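Engineer: The structure file query23.cif (mmCIF, C-alpha atoms) is provided below.
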data_my_file
loop_
_atom_site.label_atom_id
_atom_site.label_comp_id
_atom_site.auth_asym_id
_atom_site.auth_seq_id
_atom_site.Cartn_x
_atom_site.Cartn_y
_atom_site.Cartn_z
CA MET S 206 16.35 -53.92 -39.11
CA PHE S 207 16.93 -57.26 -37.38
CA PHE S 208 15.11 -59.37 -39.94
CA PRO S 209 15.78 -59.94 -43.67
CA LYS S 210 14.30 -57.32 -45.99
CA LYS S 211 12.46 -60.04 -47.90
CA TYR S 212 10.35 -60.84 -44.85
CA HIS S 213 10.11 -57.24 -43.67
CA ALA S 214 6.37 -56.77 -44.34
CA VAL S 215 5.43 -60.26 -43.15
CA THR S 216 7.30 -59.78 -39.89
CA ILE S 217 5.70 -56.39 -39.20
CA ALA S 218 2.28 -57.78 -40.09
CA SER S 219 2.77 -60.73 -37.75
CA ILE S 220 3.99 -58.53 -34.87
CA LEU S 221 1.10 -56.06 -35.19
CA ILE S 222 -1.58 -58.72 -35.60
CA VAL S 223 -0.26 -60.74 -32.65
CA LEU S 224 -0.01 -57.56 -30.57
CA SER S 225 -3.60 -56.57 -31.34
CA LEU S 226 -4.81 -60.11 -30.60
CA VAL S 227 -2.96 -60.12 -27.28
CA ILE S 228 -4.58 -56.79 -26.35
CA LEU S 229 -7.97 -58.12 -27.46
CA SER S 230 -7.74 -61.36 -25.49
CA PHE S 231 -6.45 -59.51 -22.42
CA ASN S 232 -9.42 -57.14 -22.53
CA LEU S 233 -11.91 -59.93 -23.18
CA LYS S 234 -10.71 -61.67 -20.02
CA ARG S 235 -10.81 -58.47 -17.97
CA PRO S 236 -13.63 -56.36 -19.45
CA ASP S 237 -14.03 -54.25 -16.30
CA GLU S 238 -10.42 -53.11 -16.12
CA VAL S 239 -9.57 -49.82 -17.79
CA GLY S 240 -5.94 -49.83 -18.90
CA PHE S 241 -3.56 -46.92 -18.34
CA VAL S 242 -3.28 -46.08 -22.06
CA ARG S 243 -7.05 -46.13 -22.46
CA LYS S 244 -7.43 -43.79 -19.48
CA LEU S 245 -4.81 -41.53 -21.02
CA VAL S 246 -6.64 -41.48 -24.37
CA MET S 247 -9.90 -40.57 -22.60
CA GLU S 248 -8.16 -37.74 -20.75
CA VAL S 249 -6.66 -36.35 -23.96
CA ALA S 250 -9.75 -36.93 -26.12
CA ALA S 251 -12.16 -35.19 -23.72
CA PRO S 252 -10.86 -31.61 -24.18
CA ILE S 253 -10.57 -32.09 -27.95
CA GLU S 254 -14.14 -33.40 -28.13
CA SER S 255 -15.31 -30.59 -25.89
CA LEU S 256 -13.65 -28.01 -28.13
CA ILE S 257 -15.08 -29.45 -31.34
CA THR S 258 -18.53 -29.95 -29.79
CA GLY S 259 -18.50 -26.35 -28.55
CA THR S 260 -17.60 -25.07 -32.01
CA PHE S 261 -20.36 -27.07 -33.68
CA GLU S 262 -22.91 -26.13 -31.05
CA GLY S 263 -22.04 -22.49 -31.65
CA ILE S 264 -22.54 -22.87 -35.40
CA ARG S 265 -25.78 -24.79 -34.83
CA GLY S 266 -26.99 -22.06 -32.47
CA VAL S 267 -26.30 -19.33 -35.02
CA TRP S 268 -28.16 -21.37 -37.66
CA LYS S 269 -31.18 -21.83 -35.44
CA ARG S 270 -31.33 -18.25 -34.17
CA TYR S 271 -30.74 -16.26 -37.31
CA ILE S 272 -31.29 -18.37 -40.39
CA PHE S 273 -33.76 -21.09 -39.61
CA LEU S 274 -36.74 -18.80 -38.87
CA VAL S 275 -39.25 -20.19 -41.37
CA GLY S 276 -42.61 -20.94 -39.77
CA VAL S 277 -41.75 -19.40 -36.41
CA GLU S 278 -45.05 -17.50 -36.18
CA ASP S 279 -47.15 -20.64 -36.66
CA GLU S 280 -44.99 -22.46 -34.19
CA ASN S 281 -45.39 -19.62 -31.71
CA ARG S 282 -49.18 -19.79 -31.96
CA SER S 283 -49.32 -23.54 -31.46
CA LEU S 284 -46.85 -23.29 -28.59
CA LYS S 285 -49.04 -20.75 -26.81
CA LYS S 286 -51.96 -23.18 -27.02
CA LYS S 287 -49.71 -25.92 -25.69
CA VAL S 288 -48.60 -23.72 -22.78
CA ASP S 289 -52.23 -23.22 -21.75
CA SER S 290 -53.01 -26.91 -21.75
CA LEU S 291 -49.73 -27.74 -20.02
CA THR S 292 -50.41 -25.19 -17.29
CA ASN S 293 -53.63 -27.03 -16.48
CA GLU S 294 -51.78 -30.28 -16.54
CA ILE S 295 -49.10 -28.96 -14.18
CA ILE S 296 -51.75 -28.00 -11.64
CA ARG S 297 -53.14 -31.53 -11.75
CA TYR S 298 -49.67 -33.05 -11.45
CA ARG S 299 -48.80 -30.73 -8.56
CA GLU S 300 -51.80 -32.04 -6.68
CA ALA S 301 -50.81 -35.60 -7.44
CA TYR S 302 -47.23 -34.87 -6.40
CA LEU S 303 -48.31 -33.41 -3.05
CA GLU S 304 -50.48 -36.44 -2.44
CA SER S 305 -47.69 -38.88 -3.31
CA THR S 306 -45.22 -36.95 -1.11
CA ARG S 307 -47.57 -37.25 1.82
CA LEU S 308 -48.00 -40.96 1.18
CA LYS S 309 -44.27 -41.52 0.86
CA GLU S 310 -43.62 -39.76 4.13
CA HIS S 311 -46.34 -41.79 5.67
CA LEU S 312 -44.75 -45.00 4.53
CA SER S 313 -41.22 -43.77 5.39
CA LEU S 314 -39.99 -44.54 1.92
CA ARG S 315 -36.67 -43.21 0.77
CA GLU S 316 -37.08 -40.54 -1.85
CA SER S 317 -34.85 -40.32 -4.83
CA GLN S 318 -33.88 -36.70 -4.02
CA ARG S 319 -32.15 -37.86 -0.90
CA MET S 320 -29.64 -39.87 -2.83
CA PRO S 321 -26.11 -38.52 -2.95
CA MET S 322 -25.41 -37.18 -6.43
CA VAL S 323 -22.61 -35.54 -8.33
CA SER S 324 -23.30 -33.17 -11.22
CA ALA S 325 -21.20 -33.53 -14.35
CA ARG S 326 -20.90 -31.83 -17.70
CA VAL S 327 -21.06 -33.76 -20.98
CA VAL S 328 -17.75 -33.18 -22.76
CA GLY S 329 -17.95 -35.66 -25.64
CA LYS S 330 -20.32 -37.89 -27.55
CA GLU S 331 -19.87 -41.12 -29.48
CA ASN S 332 -23.05 -41.44 -31.46
CA SER S 333 -22.20 -43.85 -34.25
CA SER S 334 -24.68 -46.38 -35.60
CA ILE S 335 -23.66 -49.00 -33.04
CA PHE S 336 -21.89 -47.36 -30.12
CA LYS S 337 -23.86 -44.85 -28.06
CA THR S 338 -21.79 -43.33 -25.29
CA ILE S 339 -20.97 -39.92 -23.83
CA LEU S 340 -17.99 -38.59 -21.92
CA ILE S 341 -18.52 -36.64 -18.69
CA ASN S 342 -16.02 -34.44 -16.89
CA LYS S 343 -15.88 -36.42 -13.66
CA GLY S 344 -13.60 -39.36 -13.03
CA THR S 345 -12.23 -41.57 -10.30
CA ALA S 346 -10.93 -38.44 -8.53
CA ASP S 347 -14.59 -37.50 -7.91
CA GLY S 348 -15.67 -40.97 -6.85
CA MET S 349 -16.81 -42.18 -10.25
CA LYS S 350 -16.60 -45.89 -11.04
CA ALA S 351 -18.12 -48.39 -13.44
CA GLY S 352 -21.74 -49.26 -12.72
CA LEU S 353 -22.94 -45.93 -11.30
CA ALA S 354 -26.30 -44.71 -12.56
CA VAL S 355 -26.46 -41.48 -14.57
CA ILE S 356 -29.63 -39.42 -14.82
CA SER S 357 -30.72 -36.03 -16.08
CA VAL S 358 -33.68 -33.77 -15.39
CA GLU S 359 -35.60 -35.60 -18.13
CA GLY S 360 -34.91 -39.12 -16.89
CA VAL S 361 -32.47 -42.02 -17.04
CA VAL S 362 -29.36 -41.43 -19.15
CA GLY S 363 -27.40 -44.64 -18.63
CA ARG S 364 -24.58 -46.00 -16.51
CA ILE S 365 -20.85 -45.44 -16.24
CA VAL S 366 -18.83 -48.14 -17.97
CA GLU S 367 -15.30 -46.84 -17.52
CA SER S 368 -13.54 -44.04 -15.72
CA SER S 369 -10.17 -42.39 -15.98
CA TRP S 370 -8.90 -39.88 -13.43
CA ASN S 371 -11.02 -36.93 -14.59
CA VAL S 372 -13.31 -38.35 -17.28
CA SER S 373 -15.90 -41.14 -17.37
CA ARG S 374 -17.65 -42.89 -20.22
CA VAL S 375 -21.42 -43.35 -19.88
CA LEU S 376 -23.17 -46.12 -21.77
CA LEU S 377 -26.45 -44.58 -22.91
CA ALA S 378 -29.74 -46.39 -22.37
CA ILE S 379 -30.12 -46.69 -26.17
CA ASP S 380 -26.84 -48.61 -26.65
CA TYR S 381 -27.38 -52.25 -27.62
CA ASN S 382 -25.32 -53.29 -24.59
CA SER S 383 -27.56 -51.43 -22.19
CA ASN S 384 -30.05 -53.45 -20.12
CA ILE S 385 -32.14 -51.73 -17.45
CA ASP S 386 -34.70 -53.35 -15.18
CA ALA S 387 -37.88 -51.46 -15.92
CA MET S 388 -41.63 -51.46 -15.33
CA ILE S 389 -44.72 -49.94 -16.85
CA GLN S 390 -46.10 -47.26 -14.55
CA GLY S 391 -49.78 -48.12 -14.95
CA THR S 392 -49.77 -51.91 -14.90
CA ARG S 393 -46.57 -52.34 -12.83
CA SER S 394 -45.54 -55.10 -15.24
CA GLN S 395 -41.81 -55.58 -15.20
CA GLY S 396 -39.33 -56.28 -17.94
CA ILE S 397 -35.85 -55.54 -19.21
CA LEU S 398 -35.34 -52.40 -21.24
CA GLN S 399 -32.73 -53.05 -23.88
CA GLY S 400 -31.13 -50.34 -26.03
CA GLY S 401 -32.11 -50.36 -29.67
CA GLY S 402 -29.65 -47.86 -31.13
CA ALA S 403 -31.12 -44.97 -33.09
CA MET S 404 -34.54 -46.64 -32.89
CA GLY S 405 -34.81 -46.04 -29.12
CA CYS S 406 -35.30 -48.96 -26.72
CA ASN S 407 -37.22 -52.22 -26.49
CA LEU S 408 -38.95 -53.42 -23.36
CA LYS S 409 -38.51 -57.16 -23.26
CA TYR S 410 -40.00 -60.03 -21.29
CA VAL S 411 -43.39 -58.42 -20.62
CA GLU S 412 -46.03 -61.12 -20.81
CA ARG S 413 -48.63 -61.00 -23.59
CA SER S 414 -51.44 -60.97 -21.06
CA GLU S 415 -50.30 -57.62 -19.62
CA GLU S 416 -52.33 -54.62 -20.80
CA VAL S 417 -49.70 -52.22 -22.09
CA LYS S 418 -50.84 -49.14 -24.01
CA VAL S 419 -49.09 -46.62 -26.22
CA GLY S 420 -48.19 -43.60 -24.10
CA ASP S 421 -47.64 -45.56 -20.88
CA ALA S 422 -44.67 -44.31 -18.88
CA VAL S 423 -41.75 -46.70 -18.38
CA LEU S 424 -39.88 -46.38 -15.07
CA THR S 425 -36.93 -48.07 -13.45
CA SER S 426 -38.08 -50.98 -11.31
CA GLY S 427 -35.27 -50.76 -8.78
CA MET S 428 -34.21 -54.35 -9.46
CA GLY S 429 -30.61 -54.98 -10.44
CA GLY S 430 -29.21 -52.54 -7.90
CA ILE S 431 -27.98 -49.89 -10.35
CA PHE S 432 -30.96 -47.54 -10.76
CA PRO S 433 -33.22 -46.53 -7.89
CA LYS S 434 -36.90 -47.31 -8.29
CA GLY S 435 -39.25 -44.91 -10.04
CA LEU S 436 -36.98 -42.95 -12.38
CA LEU S 437 -38.56 -42.11 -15.72
CA ILE S 438 -36.95 -43.88 -18.68
CA GLY S 439 -39.40 -43.14 -21.47
CA THR S 440 -42.84 -43.77 -22.91
CA VAL S 441 -44.28 -46.67 -24.86
CA VAL S 442 -44.58 -45.83 -28.57
CA SER S 443 -45.70 -49.18 -29.96
CA VAL S 444 -47.00 -52.49 -28.68
CA ASP S 445 -47.04 -55.64 -30.79
CA ARG S 446 -48.76 -58.80 -29.58
CA LYS S 447 -48.97 -60.43 -33.01
CA ASP S 448 -45.84 -62.57 -32.64
CA SER S 449 -46.53 -66.04 -31.40
CA GLY S 450 -44.41 -65.90 -28.27
CA LEU S 451 -44.84 -65.61 -24.56
CA PHE S 452 -43.96 -61.94 -24.58
CA GLN S 453 -45.09 -58.83 -26.40
CA LYS S 454 -42.87 -56.53 -28.39
CA ILE S 455 -42.80 -53.05 -26.83
CA GLU S 456 -40.91 -50.12 -28.28
CA VAL S 457 -40.02 -47.31 -25.93
CA MET S 458 -39.06 -43.74 -26.77
CA PRO S 459 -36.52 -42.52 -24.19
CA ALA S 460 -37.48 -39.44 -22.18
CA VAL S 461 -33.99 -38.06 -22.55
CA TYR S 462 -33.04 -36.37 -25.80
CA PHE S 463 -29.51 -37.74 -25.84
CA SER S 464 -28.04 -35.54 -28.53
CA ARG S 465 -28.96 -32.42 -26.53
CA LEU S 466 -27.55 -33.59 -23.21
CA GLU S 467 -25.34 -31.02 -21.57
CA GLU S 468 -25.45 -31.78 -17.86
CA VAL S 469 -26.11 -35.00 -16.00
CA SER S 470 -26.14 -36.26 -12.43
CA VAL S 471 -24.36 -39.36 -11.25
CA ILE S 472 -26.00 -41.22 -8.39
CA LEU S 473 -23.38 -42.20 -5.85
CA PRO S 474 -23.68 -45.37 -3.81
CA GLU S 475 -25.13 -44.74 -0.41
CA GLU S 476 -22.74 -45.22 2.47
CA LYS S 477 -23.86 -48.14 4.53
CA PRO S 478 -23.66 -47.67 8.30
CA LEU S 479 -21.10 -49.86 9.99
CA MET P 72 10.78 -40.37 -36.48
CA ILE P 73 8.60 -37.25 -36.43
CA PHE P 74 5.92 -39.31 -38.18
CA TYR P 75 5.67 -41.70 -35.20
CA LEU P 76 5.72 -38.87 -32.68
CA VAL P 77 2.92 -36.83 -34.23
CA LEU P 78 0.89 -39.83 -35.39
CA PRO P 79 -1.01 -40.52 -32.11
CA PHE P 80 -2.03 -36.90 -31.67
CA PHE P 81 -3.13 -36.35 -35.26
CA ALA P 82 -4.87 -39.73 -35.34
CA LEU P 83 -6.80 -38.79 -32.19
CA VAL P 84 -7.83 -35.39 -33.56
CA PHE P 85 -8.79 -37.03 -36.86
CA LEU P 86 -10.97 -39.65 -35.15
CA VAL P 87 -12.67 -37.17 -32.82
CA PHE P 88 -13.33 -34.85 -35.75
CA GLN P 89 -14.68 -37.78 -37.79
CA THR P 90 -17.07 -38.77 -34.98
CA MET P 91 -18.32 -35.20 -34.48
CA ILE P 92 -18.75 -34.34 -38.15
CA LEU P 93 -20.61 -37.55 -38.92
CA ASP P 94 -22.86 -37.16 -35.90
CA LEU P 95 -23.77 -33.71 -37.19
CA PHE P 96 -24.75 -35.01 -40.63
CA PHE P 97 -26.19 -38.45 -39.93
CA LEU P 98 -27.50 -37.91 -36.34
CA GLY P 99 -26.17 -41.28 -35.24
CA LYS P 100 -28.28 -43.23 -37.72
CA MET P 101 -25.35 -44.02 -39.94
CA SER P 102 -21.61 -43.54 -39.83
CA LEU P 103 -18.97 -43.19 -42.48
CA GLU P 104 -15.60 -44.47 -41.34
CA ILE P 105 -13.16 -42.22 -43.13
CA SER P 106 -10.46 -43.75 -40.93
CA LEU P 107 -11.08 -47.14 -42.56
CA ILE P 108 -10.79 -45.58 -46.02
CA LEU P 109 -7.51 -44.00 -44.86
CA VAL P 110 -6.24 -47.41 -43.75
CA ILE P 111 -7.13 -48.91 -47.16
CA PHE P 112 -5.40 -45.97 -48.85
CA ALA P 113 -2.34 -46.58 -46.66
CA GLY P 114 -2.44 -50.25 -47.66
CA PHE P 115 -2.29 -49.25 -51.30
CA TYR P 116 0.40 -46.60 -51.08
CA MET P 117 2.38 -46.70 -47.82
CA ASP P 118 5.20 -48.95 -46.71
CA ALA P 119 4.54 -51.79 -44.27
CA MET P 120 6.16 -50.24 -41.22
CA ARG P 121 4.59 -46.79 -41.25
CA GLY P 122 1.27 -47.88 -42.71
CA GLY P 123 1.00 -50.84 -40.33
CA ILE P 124 1.71 -48.74 -37.28
CA MET P 125 -0.68 -46.04 -38.49
CA ALA P 126 -3.42 -48.65 -38.94
CA PHE P 127 -2.73 -50.05 -35.47
CA VAL P 128 -2.76 -46.60 -33.81
CA LEU P 129 -5.97 -45.58 -35.61
CA GLY P 130 -7.66 -48.86 -34.67
CA PHE P 131 -6.50 -48.69 -31.06
CA LEU P 132 -7.66 -45.09 -30.63
CA LEU P 133 -10.99 -45.89 -32.27
CA ASP P 134 -11.41 -48.68 -29.71
CA CYS P 135 -10.82 -46.16 -26.93
CA ILE P 136 -13.10 -43.49 -28.40
CA THR P 137 -16.03 -45.75 -29.23
CA GLY P 138 -15.83 -47.54 -25.89
CA SER P 139 -15.67 -50.96 -27.51
CA ILE P 140 -13.44 -53.77 -26.27
CA THR P 141 -9.84 -52.67 -26.76
CA GLY P 142 -8.20 -54.54 -29.61
CA ILE P 143 -11.16 -55.16 -31.91
CA PHE P 144 -10.61 -52.24 -34.27
CA ALA P 145 -6.82 -52.41 -33.80
CA PHE P 146 -6.91 -56.00 -35.05
CA TYR P 147 -9.33 -55.25 -37.87
CA TYR P 148 -7.49 -52.14 -39.11
CA VAL P 149 -4.12 -53.91 -39.12
CA SER P 150 -5.69 -56.86 -41.00
CA VAL P 151 -7.32 -54.51 -43.54
CA PHE P 152 -4.03 -52.69 -44.04
CA PHE P 153 -2.07 -55.84 -44.85
CA VAL P 154 -4.85 -57.36 -46.97
CA SER P 155 -4.96 -54.07 -48.94
CA ARG P 156 -1.19 -54.27 -49.40
CA ILE P 157 -1.37 -57.83 -50.68
CA VAL P 158 -4.30 -57.04 -52.98
CA SER P 159 -2.72 -53.85 -54.36
CA ASN P 160 0.44 -55.78 -55.25
CA ARG P 161 -1.55 -58.26 -57.31
CA VAL P 162 -4.23 -56.23 -59.06
CA TYR P 163 -4.53 -52.81 -60.67
CA ALA P 164 -5.62 -50.90 -57.61
CA GLU P 165 -5.80 -47.44 -59.21
CA SER P 166 -9.18 -48.15 -60.78
CA VAL P 167 -12.05 -46.17 -59.25
CA PHE P 168 -14.34 -49.18 -59.53
CA PHE P 169 -11.89 -51.41 -57.69
CA ILE P 170 -11.32 -48.87 -54.89
CA GLY P 171 -15.08 -48.53 -54.38
CA LEU P 172 -15.70 -52.26 -54.44
CA PHE P 173 -12.83 -53.03 -52.09
CA THR P 174 -13.97 -50.36 -49.59
CA PHE P 175 -17.54 -51.68 -49.81
CA PHE P 176 -16.25 -55.17 -48.99
CA CYS P 177 -14.11 -53.95 -46.06
CA VAL P 178 -16.99 -52.00 -44.46
CA LEU P 179 -19.28 -55.03 -44.78
CA CYS P 180 -16.64 -57.27 -43.20
CA GLU P 181 -16.31 -54.82 -40.32
CA GLY P 182 -20.09 -54.94 -39.85
CA LEU P 183 -19.93 -58.72 -39.81
CA LEU P 184 -17.12 -58.66 -37.24
CA VAL P 185 -18.99 -56.24 -34.95
CA THR P 186 -22.19 -58.31 -35.31
CA LEU P 187 -20.33 -61.51 -34.39
CA ILE P 188 -18.67 -59.85 -31.41
CA TYR P 189 -22.00 -58.59 -30.13
CA ARG P 190 -23.54 -62.02 -30.67
CA PHE P 191 -20.83 -64.11 -29.01
CA ILE P 192 -19.36 -61.75 -26.43
CA HIS P 193 -22.23 -59.52 -25.35
CA GLY P 194 -25.00 -62.00 -26.23
CA VAL P 195 -26.94 -59.38 -28.22
CA ASP P 196 -28.26 -60.18 -31.68
CA ILE P 197 -27.85 -57.16 -33.97
CA SER P 198 -27.75 -59.13 -37.22
CA PHE P 199 -30.56 -56.96 -38.63
CA HIS P 200 -28.11 -54.08 -38.34
CA LEU P 201 -25.96 -55.68 -41.01
CA PHE P 202 -28.54 -54.99 -43.70
CA ARG P 203 -30.22 -51.94 -42.22
CA VAL P 204 -27.09 -50.00 -41.29
CA TYR P 205 -23.89 -51.59 -42.54
CA LEU P 206 -25.09 -52.28 -46.09
CA PRO P 207 -26.06 -48.63 -46.76
CA GLN P 208 -22.92 -47.57 -44.91
CA ALA P 209 -20.81 -49.81 -47.14
CA ILE P 210 -22.50 -48.45 -50.27
CA VAL P 211 -21.92 -44.83 -49.18
CA ALA P 212 -18.30 -45.57 -48.23
CA GLY P 213 -17.77 -47.43 -51.51
CA VAL P 214 -19.17 -44.57 -53.57
CA LEU P 215 -17.24 -41.88 -51.69
CA SER P 216 -13.95 -43.75 -51.29
CA PRO P 217 -12.45 -42.74 -54.70
CA ALA P 218 -13.04 -39.09 -53.76
CA PHE P 219 -11.36 -39.65 -50.40
CA PHE P 220 -8.47 -41.41 -52.16
CA THR P 221 -8.00 -38.32 -54.33
CA PHE P 222 -8.18 -36.15 -51.22
CA PHE P 223 -5.64 -38.24 -49.32
CA SER P 224 -3.26 -38.36 -52.27
CA ARG P 225 -3.20 -34.54 -52.20
CA PHE P 226 -1.21 -34.90 -49.01
CA GLU P 227 2.05 -35.49 -50.78
CA VAL P 228 3.69 -36.39 -47.50
CA LEU P 229 1.82 -39.64 -47.39
CA ARG P 230 2.74 -40.44 -50.97
CA ASP P 231 6.38 -39.57 -50.34
CA VAL P 232 6.44 -41.78 -47.31
CA GLY P 233 5.09 -44.63 -49.36
CA GLU P 234 7.60 -44.16 -52.13
CA SER P 235 10.62 -43.77 -49.85
#
Take the structure in the file and write it out as structure tokens.
Structural biologist:
Amino acid sequence: MFFPKKYHAVTIASILIVLSLVILSFNLKRPDEVGFVRKLVMEVAAPIESLITGTFEGIRGVWKRYIFLVGVEDENRSLKKKVDSLTNEIIRYREAYLESTRLKEHLSLRESQRMPMVSARVVGKENSSIFKTILINKGTADGMKAGLAVISVEGVVGRIVESSWNVSRVLLAIDYNSNIDAMIQGTRSQGILQGGGAMGCNLKYVERSEEVKVGDAVLTSGMGGIFPKGLLIGTVVSVDRKDSGLFQKIEVMPAVYFSRLEEVSVILPEEKPL
Amino acid sequence: MIFYLVLPFFALVFLVFQTMILDLFFLGKMSLEISLILVIFAGFYMDAMRGGIMAFVLGFLLDCITGSITGIFAFYYVSVFFVSRIVSNRVYAESVFFIGLFTFFCVLCEGLLVTLIYRFIHGVDISFHLFRVYLPQAIVAGVLSPAFFTFFSRFEVLRDVGES
């Protein structure tokens, strides 16, 4: 090597530490830029993750179908009861839906279904204690870019934080870095829904005077420009007004079951007329 | 030379596998960073060049996989590797108790680093996570690390590399 053997380890240590610090400071200054190597890693990691996920899902499926059958009869009975009550509920909701559709048309409001969307498959998950992200099989080649909203049939999933050519990383709504402008459906009180990791989400900045109840639906408020108004995020599971502050502490259970996500839709920005 | 060529691929497979396996067992509530234990092991037994580069590659790839800011884990893993080297040269590092304690300390330090980054860069206070998640994580990693050390040492290639 070019340096004395005595200082071999020290030199290597210095080079590697300086190199990692340079990379770190570069990325801190430009957090929105996705480097070439990082894009490459995402491209390579996606098929490996997909393969391993597929294998585990297969094993899990076999476990559920053939081995884990204890208590299925009881479950079946209670599910039948649930189906009956849900059927009644669906009829009521259908009526409400028809009414709201008529009102929306009357007011010429833009409906969420009219938004341009791209469907994507979940090919990888990062579900550690801190980082909560997923990989989807659509990238810049399909028009993906950082900041686009991602939803599923159940509700809001999160937003894209980085994209390579064919893969994008989605920051889930439960990640600590996730902040979504939200509102309570009943009271229309607005706040910021922040990710709380495995514990779900917390709705912040809702005034103590607002009447928020357990079970209230939490929707996107449409502020912030990322998520359209009215998408379901989750339901309130606990409300705490005991703290001596201006705001109440609201815990929200996301509507989306993130570990079972398979397909999502990415909402594309609407083309503005010239 | 082959070591450097295959390292990125095997490191990537290892990290993806680690993420998937742990998600299956802990459902995202806790994680066990086997890669960090591997870096400590490398610090104890591998030479500076190969071990250092392995730590850097593992850290860098972990940055890419977790979606964190690139460089955080690269920096931390390289630091842990060289600290482990220094420590192993000065104390009897073969002791099970020492391995466990050192791993426990490294996982806690990582938790502290992540907490500080979230606090000062993202403006999110996750200090409660340090006790609720990282402390149990550090205990589990500390308890399991001697077993992982035994497992890693079975791969004679790593040992040979360190001795050469």
Engineer: What's the separation between CA of Thr141 (chain P) and CA of Ser230 (chain S), in Å to one decimal place?
Structural biologist: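 Those two atoms sit 9.0 Å apart.
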Engineer: Expanded to explicit residues, what is the PyMOL selection byres ((chain S and resi 363) around 6) for this file, as a PyMOL selection string?
Structural biologist: chain S and resi 355+361-362+364+376-378
Engineer: Using all atoms listed in the file, which of the listed residues (S:Val215, S:Val372, S:Pro321, S:Glu304) sits closest to Val249 (chain S)?
Structural biologist: S:Val372
Engineer: Kindly provide, as lines of an AutoDock Vina configuration file, the centre and edge lengths (Å, one decimal) of an axis-aligned box around all atoms of region 129-137 of chain P given in the file, with 4 Å on each side.
Structural biologist:
center_x = -11.0
center_y = -46.2
center_z = -31.3
size_x = 18.1
size_y = 13.4
size_z = 16.7
Engineer: Apply the PyMOL selection byres ((chain S) within 9 of (chain P)) to the structure shown and report the selected residues as a PyMOL selection string.
Structural biologist: chain S and resi 213-215+217-218+221-233+236+242-244+246-247+249-250+253-254+257-258+261+329-338+366-367+374+376+381-382+402-404+464
Engineer: Have a look at CA of Glu412 (chain S) and CA of Asp380 (chain S) and let me know their distance in Å, one decimal.
Structural biologist: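 For CA of Glu412 (chain S) relative to CA of Asp380 (chain S), the distance reads 23.6 Å.
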Engineer: Using Å and a single decimal, report how far CA of Gly171 (chain P) sits from CA of Pro207 (chain P).
Structural biologist: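 We find that CA of Pro207 (chain P) and CA of Gly171 (chain P) lie 13.4 Å from each other.
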Engineer: Using only C-alpha atoms, can you tell me which of S:Glu468, S:Gly348, S:Pro433, S:Ser255 comes closest to Met320 (chain S)?
Structural biologist: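 Distance minimum relative to Met320 (chain S) lands on S:Pro433.
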Engineer: Would you kindly translate the PyMOL selection byres ((chain S and resi 441-444) around 6) into the concrete residues it picks from this file, as a list in words?
Structural biologist: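 So the PyMOL selection byres ((chain S and resi 441-444) around 6), applied here, picks out Val419, Gly420, Asp421, Thr440, Asp445, Lys454, Ile455, Glu456 and Val457 of chain S.
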Engineer: Could you save the residues just selected, with C-alpha atoms, as a PDB file, in the coordinates of the input?
Structural biologist:
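Once written, again13.pdb looks like this:
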ATOM      1  CA  VAL S 419     -49.090 -46.620 -26.220  1.00  0.00           C
ATOM      2  CA  GLY S 420     -48.190 -43.600 -24.100  1.00  0.00           C
ATOM      3  CA  ASP S 421     -47.640 -45.560 -20.880  1.00  0.00           C
ATOM      4  CA  THR S 440     -42.840 -43.770 -22.910  1.00  0.00           C
ATOM      5  CA  ASP S 445     -47.040 -55.640 -30.790  1.00  0.00           C
ATOM      6  CA  LYS S 454     -42.870 -56.530 -28.390  1.00  0.00           C
ATOM      7  CA  ILE S 455     -42.800 -53.050 -26.830  1.00  0.00           C
ATOM      8  CA  GLU S 456     -40.910 -50.120 -28.280  1.00  0.00           C
ATOM      9  CA  VAL S 457     -40.020 -47.310 -25.930  1.00  0.00           C
TER      10      VAL S 457
END
Engineer: Would you be able to write out as number ranges by chain which residues have an atom within 12 Å of (-6.0, -55.1, -47.8) in the file's coordinates, counting only C-alpha atoms?
Structural biologist: S: 218; P: 107-117, 119, 122-123, 126, 147-162, 164, 170, 173-174, 176-178, 180
Engineer: I need the residue nearest Leu437 (chain S) from this list: S:Ser357, S:Ser414, S:Gly259, S:Lys409. Use only C-alpha atoms for the distance.
Structural biologist: S:Ser357
Engineer: Just checking: using all atoms listed in the file, which residue out of P:Phe191, P:Phe222, P:Phe175, P:Phe81 ends up closest to Ile210 (chain P)?
Structural biologist: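 Comparing P:Phe191, P:Phe222, P:Phe175, P:Phe81 against Ile210 (chain P), the winner is P:Phe175.
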Engineer: Find the residue from S:Leu256, S:Val239, S:Ile220, S:Met458 that sits nearest to Val328 (chain S); use all atoms listed in the file when measuring.
Structural biologist: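 Among the listed residues, the smallest separation from Val328 (chain S) belongs to S:Leu256.
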Engineer: Write out as a PyMOL selection string which residues come within 12 Å of Thr425 (chain S) when counting only C-alpha atoms, dropping same-chain ones fewer than 6 positions away.
Structural biologist: chain S and resi 317+354+356+360-363+378+384-390+393-398+408+431-440
Engineer: Find, counting only C-alpha atoms, the residue in S:Ser373, S:Glu416, S:Leu353, S:Cys406 that gets nearest to Gly391 (chain S).
Structural biologist: S:Glu416
